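S.K.: Dropping in query07.cif, with mmCIF, C-alpha atoms and all ligand atoms; chains and numbers go by the auth columns.
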```cif
data_coords
#
loop_
_atom_site.group_PDB
_atom_site.id
_atom_site.type_symbol
_atom_site.label_atom_id
_atom_site.label_comp_id
_atom_site.label_asym_id
_atom_site.label_seq_id
_atom_site.Cartn_x
_atom_site.Cartn_y
_atom_site.Cartn_z
_atom_site.B_iso_or_equiv
_atom_site.auth_seq_id
_atom_site.auth_asym_id
ATOM 1 C CA MET A 1 0.000 0.000 0.000 0.00 22 A
ATOM 2 C CA LYS A 2 1.193 3.486 -0.795 0.00 23 A
ATOM 3 C CA VAL A 3 0.329 6.816 0.832 0.00 24 A
ATOM 4 C CA ILE A 4 1.499 9.912 -1.042 0.00 25 A
ATOM 5 C CA ILE A 5 2.090 13.105 0.946 0.00 26 A
ATOM 6 C CA PRO A 6 1.980 16.105 -1.421 0.00 27 A
ATOM 7 C CA PHE A 7 3.046 19.251 0.439 0.00 28 A
ATOM 8 C CA TYR A 8 4.094 22.819 -0.194 0.00 29 A
ATOM 9 C CA SER A 9 6.530 24.525 2.120 0.00 30 A
ATOM 10 C CA LEU A 10 8.183 27.920 1.736 0.00 31 A
ATOM 11 C CA TYR A 11 10.264 28.006 4.923 0.00 32 A
ATOM 12 C CA GLY A 12 10.427 24.325 5.936 0.00 33 A
ATOM 13 C CA HIS A 13 7.775 24.000 8.669 0.00 34 A
ATOM 14 C CA LEU A 14 5.447 21.937 6.508 0.00 35 A
ATOM 15 C CA TYR A 15 8.377 19.845 5.335 0.00 36 A
ATOM 16 C CA LYS A 16 9.146 18.874 8.959 0.00 37 A
ATOM 17 C CA MET A 17 5.497 18.071 9.554 0.00 38 A
ATOM 18 C CA ALA A 18 5.353 16.057 6.305 0.00 39 A
ATOM 19 C CA LYS A 19 8.309 13.942 7.443 0.00 40 A
ATOM 20 C CA ALA A 20 6.517 13.223 10.724 0.00 41 A
ATOM 21 C CA ILE A 21 3.332 12.294 8.823 0.00 42 A
ATOM 22 C CA ALA A 22 5.442 9.859 6.758 0.00 43 A
ATOM 23 C CA GLU A 23 6.923 8.334 9.928 0.00 44 A
ATOM 24 C CA GLY A 24 3.417 7.733 11.230 0.00 45 A
ATOM 25 C CA VAL A 25 2.287 6.165 7.947 0.00 46 A
ATOM 26 C CA GLU A 26 5.229 3.767 7.976 0.00 47 A
ATOM 27 C CA GLN A 27 4.476 2.661 11.535 0.00 48 A
ATOM 28 C CA VAL A 28 1.573 0.753 9.964 0.00 49 A
ATOM 29 C CA LYS A 29 2.709 -2.611 8.650 0.00 50 A
ATOM 30 C CA GLY A 30 2.829 -2.927 4.885 0.00 51 A
ATOM 31 C CA VAL A 31 2.244 0.767 4.165 0.00 52 A
ATOM 32 C CA LYS A 32 4.844 2.912 2.413 0.00 53 A
ATOM 33 C CA ALA A 33 4.906 6.724 2.513 0.00 54 A
ATOM 34 C CA GLU A 34 6.171 8.897 -0.318 0.00 55 A
ATOM 35 C CA LEU A 35 6.799 12.630 0.074 0.00 56 A
ATOM 36 C CA ARG A 36 6.158 14.876 -2.910 0.00 57 A
ATOM 37 C CA ARG A 37 6.608 18.624 -3.400 0.00 58 A
ATOM 38 C CA VAL A 38 3.795 20.517 -5.045 0.00 59 A
ATOM 39 C CA PRO A 39 5.166 22.495 -8.043 0.00 60 A
ATOM 40 C CA GLU A 40 6.470 25.984 -7.245 0.00 61 A
ATOM 41 C CA THR A 41 4.756 28.832 -9.066 0.00 62 A
ATOM 42 C CA LEU A 42 6.821 31.748 -7.741 0.00 63 A
ATOM 43 C CA PRO A 43 9.777 33.026 -9.761 0.00 64 A
ATOM 44 C CA ASP A 44 13.267 32.624 -8.229 0.00 65 A
ATOM 45 C CA GLU A 45 13.636 36.366 -7.614 0.00 66 A
ATOM 46 C CA VAL A 46 10.431 36.419 -5.567 0.00 67 A
ATOM 47 C CA LEU A 47 11.586 33.410 -3.509 0.00 68 A
ATOM 48 C CA GLU A 48 14.857 35.263 -2.930 0.00 69 A
ATOM 49 C CA LYS A 49 13.002 38.398 -1.756 0.00 70 A
ATOM 50 C CA MET A 50 10.872 36.264 0.575 0.00 71 A
ATOM 51 C CA GLY A 51 14.026 34.801 2.124 0.00 72 A
ATOM 52 C CA ALA A 52 12.991 31.244 1.247 0.00 73 A
ATOM 53 C CA VAL A 53 15.910 30.048 -0.870 0.00 74 A
ATOM 54 C CA ALA A 54 18.079 28.622 1.933 0.00 75 A
ATOM 55 C CA ALA A 55 15.149 26.866 3.647 0.00 76 A
ATOM 56 C CA GLN A 56 13.975 25.294 0.393 0.00 77 A
ATOM 57 C CA LYS A 57 17.406 23.713 -0.231 0.00 78 A
ATOM 58 C CA ALA A 58 16.680 21.294 2.637 0.00 79 A
ATOM 59 C CA PHE A 59 13.950 19.566 0.643 0.00 80 A
ATOM 60 C CA ALA A 60 15.013 20.248 -2.937 0.00 81 A
ATOM 61 C CA ASP A 61 15.703 16.518 -3.397 0.00 82 A
ATOM 62 C CA ILE A 62 12.050 15.553 -2.798 0.00 83 A
ATOM 63 C CA PRO A 63 10.443 14.721 -6.172 0.00 84 A
ATOM 64 C CA VAL A 64 7.871 17.135 -7.567 0.00 85 A
ATOM 65 C CA CYS A 65 4.357 15.659 -7.527 0.00 86 A
ATOM 66 C CA THR A 66 2.542 14.865 -10.745 0.00 87 A
ATOM 67 C CA VAL A 67 -1.227 14.833 -11.017 0.00 88 A
ATOM 68 C CA ASP A 68 -1.264 11.319 -12.451 0.00 89 A
ATOM 69 C CA GLU A 69 0.534 9.738 -9.525 0.00 90 A
ATOM 70 C CA LEU A 70 -2.216 10.891 -7.160 0.00 91 A
ATOM 71 C CA GLY A 71 -4.444 8.297 -8.786 0.00 92 A
ATOM 72 C CA GLN A 72 -1.924 5.547 -8.055 0.00 93 A
ATOM 73 C CA ALA A 73 -1.885 6.167 -4.290 0.00 94 A
ATOM 74 C CA ASP A 74 -4.091 4.314 -1.808 0.00 95 A
ATOM 75 C CA ALA A 75 -4.412 7.483 0.307 0.00 96 A
ATOM 76 C CA LEU A 76 -3.328 11.117 0.084 0.00 97 A
ATOM 77 C CA ILE A 77 -2.278 13.396 2.952 0.00 98 A
ATOM 78 C CA PHE A 78 -1.849 16.990 1.791 0.00 99 A
ATOM 79 C CA GLY A 79 0.206 19.633 3.597 0.00 100 A
ATOM 80 C CA THR A 80 -0.273 23.336 2.936 0.00 101 A
ATOM 81 C CA PRO A 81 0.667 26.522 4.795 0.00 102 A
ATOM 82 C CA THR A 82 -2.104 28.974 5.602 0.00 103 A
ATOM 83 C CA ARG A 83 -2.452 31.896 3.201 0.00 104 A
ATOM 84 C CA PHE A 84 -5.050 34.328 4.522 0.00 105 A
ATOM 85 C CA GLY A 85 -6.952 31.411 6.061 0.00 106 A
ATOM 86 C CA ASN A 86 -6.838 29.280 2.920 0.00 107 A
ATOM 87 C CA MET A 87 -4.513 26.817 1.232 0.00 108 A
ATOM 88 C CA CYS A 88 -1.548 28.351 -0.609 0.00 109 A
ATOM 89 C CA GLY A 89 -1.831 29.242 -4.300 0.00 110 A
ATOM 90 C CA GLN A 90 0.697 26.595 -5.319 0.00 111 A
ATOM 91 C CA MET A 91 -1.532 23.878 -3.851 0.00 112 A
ATOM 92 C CA ARG A 92 -4.681 25.432 -5.354 0.00 113 A
ATOM 93 C CA GLN A 93 -3.082 25.531 -8.787 0.00 114 A
ATOM 94 C CA PHE A 94 -1.979 21.911 -8.435 0.00 115 A
ATOM 95 C CA LEU A 95 -5.442 20.781 -7.368 0.00 116 A
ATOM 96 C CA ASP A 96 -7.031 22.759 -10.184 0.00 117 A
ATOM 97 C CA ALA A 97 -5.107 20.536 -12.588 0.00 118 A
ATOM 98 C CA THR A 98 -6.843 17.397 -11.250 0.00 119 A
ATOM 99 C CA GLY A 99 -9.969 17.707 -13.391 0.00 120 A
ATOM 100 C CA GLY A 100 -9.009 14.584 -15.338 0.00 121 A
ATOM 101 C CA LEU A 101 -8.827 12.557 -12.114 0.00 122 A
ATOM 102 C CA TRP A 102 -12.230 13.930 -11.126 0.00 123 A
ATOM 103 C CA LEU A 103 -13.694 12.979 -14.515 0.00 124 A
ATOM 104 C CA SER A 104 -12.443 9.407 -14.306 0.00 125 A
ATOM 105 C CA GLY A 105 -13.311 9.073 -10.598 0.00 126 A
ATOM 106 C CA ALA A 106 -9.726 8.059 -9.867 0.00 127 A
ATOM 107 C CA LEU A 107 -9.820 9.247 -6.243 0.00 128 A
ATOM 108 C CA VAL A 108 -13.340 8.079 -5.356 0.00 129 A
ATOM 109 C CA GLY A 109 -13.322 6.057 -2.130 0.00 130 A
ATOM 110 C CA LYS A 110 -9.687 6.808 -1.283 0.00 131 A
ATOM 111 C CA VAL A 111 -8.735 8.400 2.022 0.00 132 A
ATOM 112 C CA GLY A 112 -7.820 12.104 1.906 0.00 133 A
ATOM 113 C CA SER A 113 -6.442 14.126 4.794 0.00 134 A
ATOM 114 C CA VAL A 114 -4.848 17.548 5.357 0.00 135 A
ATOM 115 C CA PHE A 115 -2.307 19.153 7.718 0.00 136 A
ATOM 116 C CA THR A 116 -1.215 22.772 7.931 0.00 137 A
ATOM 117 C CA SER A 117 0.914 25.515 9.407 0.00 138 A
ATOM 118 C CA SER A 118 0.357 29.198 10.148 0.00 139 A
ATOM 119 C CA ASN A 119 2.401 31.952 11.748 0.00 140 A
ATOM 120 C CA THR A 120 -0.150 32.796 14.407 0.00 141 A
ATOM 121 C CA GLN A 121 -2.136 30.707 16.835 0.00 142 A
ATOM 122 C CA HIS A 122 -5.526 31.769 15.515 0.00 143 A
ATOM 123 C CA GLY A 123 -4.438 32.647 11.998 0.00 144 A
ATOM 124 C CA GLY A 124 -6.683 30.278 10.078 0.00 145 A
ATOM 125 C CA GLN A 125 -5.465 26.722 10.552 0.00 146 A
ATOM 126 C CA GLU A 126 -8.951 25.263 10.890 0.00 147 A
ATOM 127 C CA THR A 127 -10.372 27.208 7.942 0.00 148 A
ATOM 128 C CA THR A 128 -7.401 26.185 5.813 0.00 149 A
ATOM 129 C CA ILE A 129 -7.958 22.511 6.527 0.00 150 A
ATOM 130 C CA THR A 130 -11.749 22.465 6.354 0.00 151 A
ATOM 131 C CA SER A 131 -11.898 24.532 3.156 0.00 152 A
ATOM 132 C CA PHE A 132 -9.338 22.149 1.637 0.00 153 A
ATOM 133 C CA HIS A 133 -11.693 19.283 2.538 0.00 154 A
ATOM 134 C CA LEU A 134 -14.256 20.631 0.039 0.00 155 A
ATOM 135 C CA THR A 135 -11.967 19.706 -2.843 0.00 156 A
ATOM 136 C CA LEU A 136 -11.443 16.234 -1.395 0.00 157 A
ATOM 137 C CA PHE A 137 -15.210 15.747 -1.098 0.00 158 A
ATOM 138 C CA HIS A 138 -15.662 16.773 -4.725 0.00 159 A
ATOM 139 C CA HIS A 139 -13.199 14.040 -5.616 0.00 160 A
ATOM 140 C CA GLY A 140 -15.298 11.538 -3.657 0.00 161 A
ATOM 141 C CA MET A 141 -12.603 10.965 -1.085 0.00 162 A
ATOM 142 C CA VAL A 142 -13.147 9.627 2.428 0.00 163 A
ATOM 143 C CA VAL A 143 -12.009 12.593 4.516 0.00 164 A
ATOM 144 C CA VAL A 144 -10.082 11.813 7.694 0.00 165 A
ATOM 145 C CA GLY A 145 -8.901 14.235 10.387 0.00 166 A
ATOM 146 C CA LEU A 146 -7.013 13.975 13.654 0.00 167 A
ATOM 147 C CA PRO A 147 -9.262 12.414 16.302 0.00 168 A
ATOM 148 C CA TYR A 148 -9.092 13.423 19.953 0.00 169 A
ATOM 149 C CA ALA A 149 -7.721 9.935 20.512 0.00 170 A
ATOM 150 C CA PHE A 150 -4.551 11.951 20.002 0.00 171 A
ATOM 151 C CA GLN A 151 -4.766 13.498 23.437 0.00 172 A
ATOM 152 C CA GLY A 152 -1.944 15.940 22.799 0.00 173 A
ATOM 153 C CA GLN A 153 -4.431 18.266 21.163 0.00 174 A
ATOM 154 C CA MET A 154 -6.052 18.887 24.533 0.00 175 A
ATOM 155 C CA ARG A 155 -2.863 20.235 26.107 0.00 176 A
ATOM 156 C CA MET A 156 -3.095 23.521 27.951 0.00 177 A
ATOM 157 C CA ASP A 157 0.387 23.557 29.439 0.00 178 A
ATOM 158 C CA GLU A 158 2.032 24.852 26.294 0.00 179 A
ATOM 159 C CA ILE A 159 1.072 26.660 23.112 0.00 180 A
ATOM 160 C CA THR A 160 0.447 23.996 20.512 0.00 181 A
ATOM 161 C CA GLY A 161 -1.062 23.352 17.123 0.00 182 A
ATOM 162 C CA GLY A 162 -3.282 20.351 16.505 0.00 183 A
ATOM 163 C CA THR A 163 -6.929 20.434 15.457 0.00 184 A
ATOM 164 C CA PRO A 164 -9.556 17.699 15.103 0.00 185 A
ATOM 165 C CA TYR A 165 -9.444 18.411 11.369 0.00 186 A
ATOM 166 C CA GLY A 166 -5.742 17.713 11.015 0.00 187 A
ATOM 167 C CA ALA A 167 -2.306 18.247 12.525 0.00 188 A
ATOM 168 C CA SER A 168 -0.827 21.732 12.517 0.00 189 A
ATOM 169 C CA THR A 169 2.135 23.759 13.671 0.00 190 A
ATOM 170 C CA ILE A 170 2.492 27.412 14.654 0.00 191 A
ATOM 171 C CA ALA A 171 5.535 28.985 13.027 0.00 192 A
ATOM 172 C CA GLY A 172 5.628 32.246 15.024 0.00 193 A
ATOM 173 C CA SER A 173 5.254 35.772 13.671 0.00 194 A
ATOM 174 C CA GLY A 174 8.662 35.659 11.969 0.00 195 A
ATOM 175 C CA GLY A 175 8.683 31.921 11.270 0.00 196 A
ATOM 176 C CA GLU A 176 11.198 31.447 14.102 0.00 197 A
ATOM 177 C CA ARG A 177 9.307 28.706 15.932 0.00 198 A
ATOM 178 C CA GLN A 178 9.850 25.113 14.758 0.00 199 A
ATOM 179 C CA PRO A 179 7.300 22.283 15.063 0.00 200 A
ATOM 180 C CA SER A 180 7.184 21.153 18.694 0.00 201 A
ATOM 181 C CA GLU A 181 7.384 17.511 19.745 0.00 202 A
ATOM 182 C CA ASN A 182 3.640 17.581 20.486 0.00 203 A
ATOM 183 C CA GLU A 183 2.861 18.890 16.983 0.00 204 A
ATOM 184 C CA LEU A 184 5.146 16.311 15.366 0.00 205 A
ATOM 185 C CA GLU A 185 3.489 13.591 17.427 0.00 206 A
ATOM 186 C CA ALA A 186 0.105 14.802 16.142 0.00 207 A
ATOM 187 C CA ALA A 187 1.421 14.499 12.603 0.00 208 A
ATOM 188 C CA ARG A 188 2.675 10.956 13.269 0.00 209 A
ATOM 189 C CA PHE A 189 -0.710 10.061 14.746 0.00 210 A
ATOM 190 C CA GLN A 190 -2.515 11.417 11.682 0.00 211 A
ATOM 191 C CA GLY A 191 -0.196 9.484 9.365 0.00 212 A
ATOM 192 C CA SER A 192 -0.847 6.188 11.179 0.00 213 A
ATOM 193 C CA HIS A 193 -4.566 6.897 11.471 0.00 214 A
ATOM 194 C CA VAL A 194 -4.917 7.504 7.718 0.00 215 A
ATOM 195 C CA ALA A 195 -2.850 4.423 6.859 0.00 216 A
ATOM 196 C CA GLU A 196 -4.890 2.196 9.159 0.00 217 A
ATOM 197 C CA ILE A 197 -8.211 3.403 7.734 0.00 218 A
ATOM 198 C CA ALA A 198 -6.958 3.073 4.155 0.00 219 A
ATOM 199 C CA LYS A 199 -5.863 -0.466 4.922 0.00 220 A
ATOM 200 C CA LYS A 200 -9.338 -1.346 6.238 0.00 221 A
ATOM 201 C CA LEU A 201 -11.002 0.161 3.152 0.00 222 A
ATOM 202 C CA ILE A 202 -8.823 -1.817 0.792 0.00 223 A
ATOM 203 C CA LYS A 203 -9.381 -5.207 2.468 0.00 224 A
HETATM 204 C C1 LIG B . 0.873 35.567 1.529 0.00 301 A
HETATM 205 C C2 LIG B . 0.915 34.962 2.898 0.00 301 A
HETATM 206 C C3 LIG B . -0.242 34.876 3.635 0.00 301 A
HETATM 207 C C4 LIG B . -0.218 34.330 4.924 0.00 301 A
HETATM 208 N N1 LIG B . -1.376 34.283 5.635 0.00 301 A
HETATM 209 C C5 LIG B . -1.337 33.857 6.931 0.00 301 A
HETATM 210 C C6 LIG B . -2.516 33.865 7.718 0.00 301 A
HETATM 211 O O1 LIG B . -3.617 34.169 7.275 0.00 301 A
HETATM 212 N N2 LIG B . -2.400 33.489 9.017 0.00 301 A
HETATM 213 C C7 LIG B . -1.204 33.126 9.581 0.00 301 A
HETATM 214 O O2 LIG B . -1.164 32.849 10.777 0.00 301 A
HETATM 215 N N3 LIG B . -0.081 33.039 8.818 0.00 301 A
HETATM 216 C C8 LIG B . -0.124 33.408 7.518 0.00 301 A
HETATM 217 N N4 LIG B . 1.006 33.345 6.750 0.00 301 A
HETATM 218 C C9 LIG B . 2.215 32.703 7.292 0.00 301 A
HETATM 219 C C10 LIG B . 2.399 31.287 6.713 0.00 301 A
HETATM 220 O O3 LIG B . 1.266 30.483 6.964 0.00 301 A
HETATM 221 C C11 LIG B . 3.676 30.655 7.284 0.00 301 A
HETATM 222 O O4 LIG B . 4.771 31.342 6.691 0.00 301 A
HETATM 223 C C12 LIG B . 3.748 29.187 6.968 0.00 301 A
HETATM 224 O O5 LIG B . 2.746 28.480 7.654 0.00 301 A
HETATM 225 C C13 LIG B . 5.093 28.576 7.345 0.00 301 A
HETATM 226 O O6 LIG B . 5.144 27.281 6.788 0.00 301 A
HETATM 227 P P1 LIG B . 6.354 26.892 5.822 0.00 301 A
HETATM 228 O O7 LIG B . 7.623 27.153 6.565 0.00 301 A
HETATM 229 O O8 LIG B . 6.188 25.414 5.570 0.00 301 A
HETATM 230 O O9 LIG B . 6.267 27.681 4.545 0.00 301 A
HETATM 231 C C14 LIG B . 1.002 33.858 5.461 0.00 301 A
HETATM 232 C C15 LIG B . 2.168 33.923 4.680 0.00 301 A
HETATM 233 C C16 LIG B . 2.135 34.463 3.421 0.00 301 A
HETATM 234 C C17 LIG B . 3.409 34.536 2.608 0.00 301 A
#
```
Output the file's structure in the form of structure tokens.

M.R.:
Amino acid sequence: MKVIIPFYSLYGHLYKMAKAIAEGVEQVKGVKAELRRVPETLPDEVLEKMGAVAAQKAFADIPVCTVDELGQADALIFGTPTRFGNMCGQMRQFLDATGGLWLSGALVGKVGSVFTSSNTQHGGQETTITSFHLTLFHHGMVVVGLPYAFQGQMRMDEITGGTPYGASTIAGSGGERQPSENELEAARFQGSHVAEIAKKLIK
């Protein structure tokens, strides 16, 4: 079984979360995780101005996702940073190229799930994930979140991401904060949870 994790990351937070999602997927026997970068749409000079070039080198070796390979996965777990409470434009553009998959019903009945990142604690993580779910529903996917069985999302002793809709991290106003152990654990939980459900659906 194969779970593909298509993600977009400008400064590396989503990349760290994507790796933790993959770890969780691979904790489930017989399930392989594959990370994929969603195609960049910004020109190099804009990435330079945004100070993203150095951070992006860390995951430049991850293959760029193609639309066709989505149809070959048993489940998909998408990672996108928040952009004004929505998914980023790179992800939107990628998803808008999946009309052929929609037409053929290639994703119908497969598990789809979403994780995210934002700079601020209340900066739109839940709206980013739940609005992303609409696209997955249109594709006929079985949408899976992060259940409260992951108890780390009830923590009050530290500031933490983590929503019932999917794992998340808070990057801090200048992107200085890195995913905490609790947030990475949420991502691992989501990865395993998706893989286990996908396995049951395929049986
Ligand atoms: C155009 C733009 C819009 C953004 N909108 C929000 C927002 O609405 N709320 C928020 O908390 N962070 C916002 N951010 C911050 C990003 O979500 C943050 O940089 C990202 O989650 C970090 O993940 P990454 O390192 O994987 O790129 C925005 C960033 C950009 C560039």

S.K.: Which residues fall under the PyMOL selection byres (((chain A and resi 148) around 12) and not hetatm) in this file, as a VMD selection string?

M.R.: chain A and resid 101 to 108 135 to 139 143 to 147 149 to 155 184 to 187 189

S.K.: Evaluate the PyMOL selection byres (((chain A and resi 24) around 9) and not hetatm) here and jot the selected residues down as a tab-separated table (two decimals) with C-alpha atoms, keeping the file's coordinate frame.

M.R.:
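What ended up in result_25.tsv:
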```tsv
chain	number	residue	atom	x	y	z
A	22	MET	CA	0.00	0.00	0.00
A	23	LYS	CA	1.19	3.49	-0.80
A	25	ILE	CA	1.50	9.91	-1.04
A	26	ILE	CA	2.09	13.10	0.95
A	43	ALA	CA	5.44	9.86	6.76
A	46	VAL	CA	2.29	6.16	7.95
A	52	VAL	CA	2.24	0.77	4.16
A	53	LYS	CA	4.84	2.91	2.41
A	54	ALA	CA	4.91	6.72	2.51
A	55	GLU	CA	6.17	8.90	-0.32
A	56	LEU	CA	6.80	12.63	0.07
A	94	ALA	CA	-1.88	6.17	-4.29
A	95	ASP	CA	-4.09	4.31	-1.81
A	96	ALA	CA	-4.41	7.48	0.31
A	97	LEU	CA	-3.33	11.12	0.08
A	98	ILE	CA	-2.28	13.40	2.95
A	212	GLY	CA	-0.20	9.48	9.36
A	215	VAL	CA	-4.92	7.50	7.72
A	216	ALA	CA	-2.85	4.42	6.86
A	219	ALA	CA	-6.96	3.07	4.16
```

S.K.: Just the residues within 9 Å of segment 63-73 of chain A, please, counting all atoms listed in the file, with nothing from its chain fewer than 6 positions along; format it as an MDAnalysis selection string.

M.R.: chainID A and resid 31:33 111

S.K.: Can you work out which one of A:Gly110, A:Gly51, A:Gly45, A:Pro168 has the shortest atom-to-atom distance to Glu206 of chain A, counting only C-alpha atoms?

M.R.: A:Gly45

S.K.: Return the single residue from A:Met177, A:Val49, A:Cys109, A:Ile223 that is closest to ligand LIG 301 (chain A), with distances computed using all atoms listed in the file.

M.R.: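 Smallest separation from ligand LIG 301 (chain A) among the options: A:Cys109.
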
S.K.: Which of these, A:Leu205, A:Ala41, A:Ile191, A:Val132, has the shortest distance to ligand LIG 301 (chain A) once you count all atoms listed in the file?

M.R.: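 So, comparing all the options, the nearest one is A:Ile191.
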
S.K.: Distance atom CA of Tyr169 of chain A-atom CA of Ser201 of chain A, one decimal place?

M.R.: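 Taking atom CA of Tyr169 of chain A as the start and atom CA of Ser201 of chain A as the end point, the length is 18.1 Å.
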
S.K.: Please check which residues have atoms at most 9 Å from (-15.0, 13.5, 4.8) in the file's coordinates, counting only C-alpha atoms, and write them as a PyMOL selection string.

M.R.: chain A and resi 132-134+154-155+157-158+161-166

S.K.: Go through A:Phe28, A:Phe115, A:Phe171, A:Phe99 and flag the residue nearest Thr62 of chain A, using all atoms listed in the file for the distances.

M.R.: A:Phe115

S.K.: With distances taken over only C-alpha atoms and all ligand atoms, which of A:Ala208, A:Leu91, A:Ala39, A:Ile218 is nearest to ligand LIG 301 (chain A)?

M.R.: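 Using only C-alpha atoms and all ligand atoms, the shortest distance to ligand LIG 301 (chain A) belongs to A:Ala39.
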
S.K.: What is the distance, in Å and to one decimal place, between atom CA of Met38 of chain A and atom O7 of ligand LIG 301 (chain A)?

M.R.: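 So the answer is 9.8 Å.
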
S.K.: Work out how far apart atom CA of Lys224 of chain A and atom CA of Gly121 of chain A are and give it in Å to one decimal.

M.R.: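 The value is 26.6 Å.
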
S.K.: Within 9 Å of Ser194 of chain A, counting only C-alpha atoms, which residues qualify if same-chain residues fewer than 4 places away don't, as a VMD selection string?

M.R.: chain A and resid 139 to 141 198

S.K.: Restricting the calculation to only C-alpha atoms and all ligand atoms, which member of A:Lys50, A:Arg58, A:His160, A:Arg209 is positioned closest to ligand LIG 301 (chain A)?

M.R.: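 Counting only C-alpha atoms and all ligand atoms, the residue closest to ligand LIG 301 (chain A) is A:Arg58.
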
S.K.: Expanded to explicit residues, what is the PyMOL selection byres (((chain A and resi 59) around 9) and not hetatm) for this file, as a PyMOL selection string?

M.R.: chain A and resi 27-30+57-58+60-61+84-87+111-112+115

S.K.: May I have the residues within 8 Å of Thr181 of chain A as a PDB file with C-alpha atoms, keeping the file's coordinate frame, using only C-alpha atoms and disregarding those fewer than 5 positions away in the same chain?

M.R.:
```
ATOM      1  CA  GLN A 174      -4.431  18.266  21.163  1.00  0.00           C
ATOM      2  CA  ARG A 176      -2.863  20.235  26.107  1.00  0.00           C
ATOM      3  CA  THR A 190       2.135  23.759  13.671  1.00  0.00           C
ATOM      4  CA  ILE A 191       2.492  27.412  14.654  1.00  0.00           C
ATOM      5  CA  SER A 201       7.184  21.153  18.694  1.00  0.00           C
ATOM      6  CA  ASN A 203       3.640  17.581  20.486  1.00  0.00           C
ATOM      7  CA  GLU A 204       2.861  18.890  16.983  1.00  0.00           C
TER       8      GLU A 204
END
```

S.K.: With 4 Å of padding per side, what axis-aligned box (centre and edge lengths, Å, one decimal) covers all the listed atoms of ligand LIG 301 (chain A)? Give it as JSON.

M.R.:
```
{"center_x": 2.0, "center_y": 30.5, "center_z": 6.2, "size_x": 19.2, "size_y": 18.2, "size_z": 17.2}
```

S.K.: Output requested as a short mmCIF file (atom, residue, chain, number, x, y, z; two decimals), in the coordinates of the input - segment 203-215 of chain A, filled out with N, CA and C atoms.

M.R.:
```
data_model
loop_
_atom_site.label_atom_id
_atom_site.label_comp_id
_atom_site.auth_asym_id
_atom_site.auth_seq_id
_atom_site.Cartn_x
_atom_site.Cartn_y
_atom_site.Cartn_z
N ASN A 203 5.08 17.90 20.44
CA ASN A 203 3.64 17.58 20.49
C ASN A 203 3.00 17.69 19.09
N GLU A 204 3.41 18.70 18.34
CA GLU A 204 2.86 18.89 16.98
C GLU A 204 3.35 17.78 16.04
N LEU A 205 4.61 17.39 16.21
CA LEU A 205 5.15 16.31 15.37
C LEU A 205 4.46 14.98 15.71
N GLU A 206 4.18 14.81 17.00
CA GLU A 206 3.49 13.59 17.43
C GLU A 206 2.07 13.55 16.83
N ALA A 207 1.44 14.72 16.77
CA ALA A 207 0.10 14.80 16.14
C ALA A 207 0.19 14.39 14.68
N ALA A 208 1.24 14.84 14.02
CA ALA A 208 1.42 14.50 12.60
C ALA A 208 1.66 12.98 12.45
N ARG A 209 2.45 12.41 13.34
CA ARG A 209 2.68 10.96 13.27
C ARG A 209 1.35 10.22 13.49
N PHE A 210 0.58 10.70 14.45
CA PHE A 210 -0.71 10.06 14.75
C PHE A 210 -1.61 10.11 13.51
N GLN A 211 -1.66 11.27 12.88
CA GLN A 211 -2.52 11.42 11.68
C GLN A 211 -2.05 10.47 10.57
N GLY A 212 -0.73 10.38 10.39
CA GLY A 212 -0.20 9.48 9.36
C GLY A 212 -0.61 8.04 9.61
N SER A 213 -0.47 7.57 10.85
CA SER A 213 -0.85 6.19 11.18
C SER A 213 -2.35 5.99 11.04
N HIS A 214 -3.09 6.97 11.50
CA HIS A 214 -4.57 6.90 11.47
C HIS A 214 -5.06 6.76 10.02
N VAL A 215 -4.53 7.58 9.14
CA VAL A 215 -4.92 7.50 7.72
C VAL A 215 -4.53 6.14 7.14
#
```
